[in-house]
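Reading through the structure tokens given below for one structure.
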Amino acid sequence: MPRLLRALGCLLPLTLIAAAPVQTVPDRTPGENDLQRPLVVGVYDWLTILPAPQTPADFAPGSGPREQWPLRGPLTQPFGCTGFELERPVQDCPGGFHTGIDIGLPQGTPIRAAGPGLAYPFQDTERYGNHVLIQEAGGVSTLYGHMVRTNVGWGQPVKAGDVIGFVGSTGNSTGPHLHFEVRFAGVPYDPMPYLNGSPPDPFPLPAGWPGAPPGDWRGLR
Ligand SMILES: [Zn+2]
């Protein structure tokens with residue numbers, strides 16, 4: 001029943017966000033639960049309500065890379081615990097947890113969709129700056145932060161390789177780079193295995209997650 005109530009509560013913001021091309025990530029003060037796992041609160045909240053491509057009932061991730069490189073360049077910060085002062089501390093990483101990988105490239109370098117899905121542009125000044133979220137089938141989302149400019153409409157279908165924005169240094173950033181995330185059911189995972197072809201085994205998709213097939217009340221896909 002709480003899930004149903006939550007779903008109903010999502011209808012109002014959906015009607016509001018459908019009308020505008022660019023949205024600001026809603027503010028919420030992180031609670032104790034948020035520190036139990038490395039989540040970015042605003043992004044996680046959005047991911048649960050943004051429409052995603054329907055996941056086929058027989059969906060099974062194939063072998064090989066699931067995501068394409070959004071661009072190629074020097075990796076300036078890996079995924080995971082970091083001592084970089086800009087990242088938020090979490091329980092297991094008091095020095096900060098980096099929820100994606102950073103690739104340093106000059107401002108204006110095109111950024112391409114890592115996989116097919118529905119794209120959403122956002123802007124905030126606190127964290128990701130101008131950024132794009134792509135909801136893919138199968139519960140995977142990709143995020144591209146700190147763009148100088150986004151290049152997609154709200155809910156625009158994109159293919160892998162489409163230019164969705166351009167490298168910048170907006171938000172919580174000290175220089176031009178792409179911050180790239182891969183999330184499964186909202187939880188950030190190391191993007192490298194997804195890019196290199198050895199992603200972790202899939203695990204059940206939570207019931208009601210965008211893109212889950214109809215009637216998948218157990219969230220098995
Ligand atoms: Zn980063």
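Identifiers for the structure tokens are assigned positionally: chains receive A, B, ... in sequence, residues are indexed from 1 per chain, and ligands are indexed from 1 in the order shown.
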Near ligand 1, 6 Å: chain A residue rows, closest pairs, only C-alpha atoms and all ligand atoms, as a tab-separated table:
```
residue	atom	partner	partner_atom_place_in_ligand_line	distance
A:Gly100	CA	ligand 1	1 (Zn)	5.6
A:Ile101	CA	ligand 1	1 (Zn)	5.5
A:Asp102	CA	ligand 1	1 (Zn)	4.7
A:His179	CA	ligand 1	1 (Zn)	4.2
```
Quiz item: Got a sec: who's within 6 Å of region 149-165 of chain A, counting only C-alpha atoms, leaving out chain neighbours fewer than 3 positions off, as number ranges by chain?
Solution: A: 21, 111-120
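The coordinates place CA of Trp69 (chain A) at 17.3 Å from CA of Gly168 (chain A).
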Quiz item: Within 9 Å of Val167 (chain A), counting only C-alpha atoms, which residues qualify if same-chain residues fewer than 2 places away don't, as a PyMOL selection string?
Solution: chain A and resi 104-111+145-149+165+169+176-178
Selection from above, C-alpha atoms, as a PDB file, in the first residue's frame, can you write it?
```
ATOM      1  CA  GLY A 104      38.730  15.424 -18.725  1.00  0.00           C
ATOM      2  CA  LEU A 105      38.312  17.061 -22.135  1.00  0.00           C
ATOM      3  CA  PRO A 106      38.097  20.636 -23.465  1.00  0.00           C
ATOM      4  CA  GLN A 107      34.871  22.564 -23.150  1.00  0.00           C
ATOM      5  CA  GLY A 108      32.547  22.024 -26.073  1.00  0.00           C
ATOM      6  CA  THR A 109      33.605  18.421 -26.811  1.00  0.00           C
ATOM      7  CA  PRO A 110      30.486  16.502 -27.938  1.00  0.00           C
ATOM      8  CA  ILE A 111      29.059  13.976 -25.453  1.00  0.00           C
ATOM      9  CA  GLY A 145      27.189  15.918 -15.674  1.00  0.00           C
ATOM     10  CA  HIS A 146      28.760  19.396 -15.841  1.00  0.00           C
ATOM     11  CA  MET A 147      27.813  20.116 -19.466  1.00  0.00           C
ATOM     12  CA  VAL A 148      28.261  23.587 -20.875  1.00  0.00           C
ATOM     13  CA  ARG A 149      25.044  22.916 -22.778  1.00  0.00           C
ATOM     14  CA  GLY A 165      25.369  17.719 -24.899  1.00  0.00           C
ATOM     15  CA  SER A 169      32.354  22.837 -16.030  1.00  0.00           C
ATOM     16  CA  PRO A 176      35.915  21.050 -17.994  1.00  0.00           C
ATOM     17  CA  HIS A 177      35.153  17.332 -17.758  1.00  0.00           C
ATOM     18  CA  LEU A 178      32.389  14.796 -18.162  1.00  0.00           C
TER      19      LEU A 178
END
```
Practice problem: Take CA of Thr142 (chain A) and CA of Val182 (chain A) and report the distance between them in Å, one decimal. | Solution: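 Result for CA of Thr142 (chain A) versus CA of Val182 (chain A): 4.6 Å, one decimal.
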Quiz item: If you count only C-alpha atoms, which residues fall within 6 Å of region 47-56 of chain A, apart from same-chain ones fewer than 2 positions away, as a list of chain:residue names?
Solution: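 After dropping sequence-adjacent residues, the list is A:Tyr44, A:Asp45, A:Asp58, A:Phe59, A:Gln135, A:Ala137, A:Gly138, A:Pro210, A:Gly211, A:Ala212, A:Pro213.
By chain and then residue number, the residues within 8 Å of Thr125 (chain A) are Thr170, Gly171 and Asn172 of chain A, counting only C-alpha atoms and disregarding those fewer than 6 positions away in sequence.
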Could you dump the residues just selected with N, CA and C atoms as an mmCIF file, in the first residue's frame?
```cif
data_model
loop_
_atom_site.group_PDB
_atom_site.id
_atom_site.type_symbol
_atom_site.label_atom_id
_atom_site.label_comp_id
_atom_site.auth_asym_id
_atom_site.auth_seq_id
_atom_site.Cartn_x
_atom_site.Cartn_y
_atom_site.Cartn_z
ATOM 1 N N THR A 170 30.014 23.189 -15.445
ATOM 2 C CA THR A 170 28.926 23.750 -14.639
ATOM 3 C C THR A 170 28.693 22.903 -13.397
ATOM 4 N N GLY A 171 28.086 23.491 -12.389
ATOM 5 C CA GLY A 171 27.819 22.773 -11.149
ATOM 6 C C GLY A 171 29.074 22.662 -10.292
ATOM 7 N N ASN A 172 29.176 21.561 -9.544
ATOM 8 C CA ASN A 172 30.273 21.334 -8.614
ATOM 9 C C ASN A 172 31.471 20.785 -9.378
#
```
Quiz item: If you measure from CA of Pro188 (chain A) to CA of Phe97 (chain A), what distance in Å do you get, rounded to one decimal?
Solution: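 CA of Phe97 (chain A) lies 10.5 Å from CA of Pro188 (chain A).
Distance check against Val187 (chain A) using only C-alpha atoms: of A:Thr174, A:Asn130, A:Thr99, A:Thr76, the minimum falls on A:Thr99.
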Practice problem: Identify which of the residues A:Glu181, A:Phe79, A:Gly186, A:Arg72 lies closest to Tyr128 (chain A), counting only C-alpha atoms when measuring atom-to-atom distances. | Solution: A:Glu181
Practice problem: Fewer than 5 positions away in the same chain doesn't count, so skip those; otherwise give me all residues within 6 Å of Tyr144 (chain A), counting only C-alpha atoms, as a ChimeraX atom specification. | Solution: /A:131-132,179-180
Can you write just those residues out, C-alpha atoms, as a PDB file, in the first residue's frame?
```
ATOM      1  CA  HIS A 131      23.196  17.439 -16.991  1.00  0.00           C
ATOM      2  CA  VAL A 132      21.325  14.768 -18.880  1.00  0.00           C
ATOM      3  CA  HIS A 179      31.069  13.131 -15.019  1.00  0.00           C
ATOM      4  CA  PHE A 180      29.523   9.866 -16.241  1.00  0.00           C
TER       5      PHE A 180
END
```
